[in-house]
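K.L.:
Shown below is the structure under consideration.
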Amino acid sequence: MNILIINAGSSSLKYQLINMNDESTVAKGNVERIGIEGSNLVHKYSGQVYKVEQPLKDHTEAIRLVLDALTDKDHGVISSMDEIGAVGHRVVHGGEKFAGSHLINESVISMIEENIPLAPLHNPANLMGIRACQAVMPNTPMVAVFDTAFHMTMEKEAFLYALPMDYYRRLKVRRYGFHGSSHRFVSQRTRELLGEKDGEKLVICHLGNGSSLSAVKDGKVVDTSMGLTPLEGVVMGTRCGTIDPAIIYYLMKQENLTIEQVDNILNKKSGLIGLSELSSDMRDVRTAAENGNEQALTTLNIWAYGIRKLIGAYTAAMNGITALVFTAGIGENDFTARTRICKGLEYLGIKIDEEKNRAAAGEEAVISTPDSAVKVVVVPTNEELIIARDTLELASK
């Protein structure tokens, strides 16, 4: 069965067509600037790239363009839409109602709508992608895979904030966590790679422009760094991560800022870009540090220090650690970042083989020494494959 994976943003749409017979990617691409001047599609297949530029007023037109590209006589990979057995949709926020993936029906759509206040930028875009696909492919089964679902195994001591309980009861203010499909894929693959066994305690570091850590014990999440929103946790490309909440009031008072302006600062002007005053891209900051920029070096140290603290905290939460796992853009490809984080974790018995660490770039590798008390592993993430597998399982029923 071929499964189409859709990840819809407010003005963009990413897609992959996966052949589930061998779990291979047949084609992938993205549509940008939907509803904006300069709409375009970039379609990749068999090592080739096909580009289309045309006005697209909404996501329905974008989906039609994607399907046209997939079935195009010159650039397509399937002969008709009938060869798409199901569609899997990434949905950012499932709230407390979704601890797993679900076949999409009107009830599921209503619950996704209920969670819009928890993800006002993401869930409406995800719904646009769902409705657009339903309009163009009304008889094709569709599945919603939620970023928050994998983290629903957390206990109350991990997910509740010390706020008046009324806010949790009425408004569902709690820790949810994100990047769930990534953490789930990486935890499963790590267990396969190292040999599944009872008592396994993983700390997974999903490090990219957006970053999150999770503590996973025997395949279940104990804790995770992102909270009510993806803003909490470690320093990211443009997000500040965890800060004193009183900073928000202080900035508003001292700088005469609105809450929207402060929200923009915390989400889009902080993190690596805010600290370094250079770039939100780790590669740029690292290059500047290597060239003697002290501010860039300090930025890298702050970034690594926060991650290292959480690794220690999650080791305490699980009463131990058996493997430390790196994934996502920085985690998979930046050996200097991995070294910087692990320096200072010697008390856990972690020992890095620097030759293996340098060689590990975008591929699976154990980068710890044979006598390391904790395995240190690089595992490339594959969120789309998790979505495809869930979609196949549910659609087949």
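Numbering starts fresh at 1 for the residues of each chain in the structure tokens, the chains themselves are lettered A, B, ... in the order given, and ligands are numbered from 1 as they appear.
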Report the residues of stretch 229-394 of chain A whose backbone DSSP state falls under strand (DSSP E), written as a list of chain:residue names.

P.N.:
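Residues of stretch 229-394 of chain A classed as strand (DSSP E): A:Ala323, A:Leu324, A:Val325, A:Phe326, A:Thr327, A:Ala365, A:Val366, A:Lys375, A:Val376, A:Val377, A:Val378.
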
K.L.:
Can you list, as a list in words, every protein, DNA or RNA residue that comes within 12 Å of A:Asn139 when you count only C-alpha atoms, leaving out same-chain residues fewer than 4 positions away?

P.N.:
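Non-adjacent residues within range: Met81, Asp82, Ile84, Gly85, Ala86, Val87, Ile104, Asn105, Cys133, Gln134, Ala135 and Ala395 of chain A.
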
K.L.:
Show me, as a list in words, the residues that have an atom within 10 Å of A:Ile78 when counting only C-alpha atoms, minus same-chain residues fewer than 2 positions from it.

P.N.:
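Near neighbours after the sequence-gap exclusion: Asn2, Leu17, Val26, Ala27, Leu67, Ala69, Leu70, Thr71, Asp72, Lys73, His75, Gly76, Ser80, Met81, Asp82, Glu83 and Ile84 of chain A.
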
K.L.:
Please produce a file of the residues just selected, as an mmCIF file, in the first residue's frame, where the atoms kept are C-alpha atoms.

P.N.:
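Result file part11.cif:
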```
data_model
loop_
_atom_site.group_PDB
_atom_site.id
_atom_site.type_symbol
_atom_site.label_atom_id
_atom_site.label_comp_id
_atom_site.auth_asym_id
_atom_site.auth_seq_id
_atom_site.Cartn_x
_atom_site.Cartn_y
_atom_site.Cartn_z
ATOM 1 C CA ASN A 2 1.142 3.545 -0.774
ATOM 2 C CA LEU A 17 4.518 9.149 -0.478
ATOM 3 C CA VAL A 26 8.666 7.058 -3.438
ATOM 4 C CA ALA A 27 8.422 10.842 -3.635
ATOM 5 C CA LEU A 67 -1.730 14.902 -6.409
ATOM 6 C CA ALA A 69 2.556 16.047 -9.395
ATOM 7 C CA LEU A 70 2.351 12.506 -8.009
ATOM 8 C CA THR A 71 0.289 11.327 -11.008
ATOM 9 C CA ASP A 72 1.938 13.493 -13.710
ATOM 10 C CA LYS A 73 2.774 11.432 -16.813
ATOM 11 C CA HIS A 75 7.188 13.487 -13.313
ATOM 12 C CA GLY A 76 4.747 11.314 -11.373
ATOM 13 C CA SER A 80 -3.740 7.455 -10.432
ATOM 14 C CA MET A 81 -4.964 8.541 -7.009
ATOM 15 C CA ASP A 82 -6.414 5.043 -6.575
ATOM 16 C CA GLU A 83 -2.872 3.894 -5.789
ATOM 17 C CA ILE A 84 -2.905 5.946 -2.564
#
```
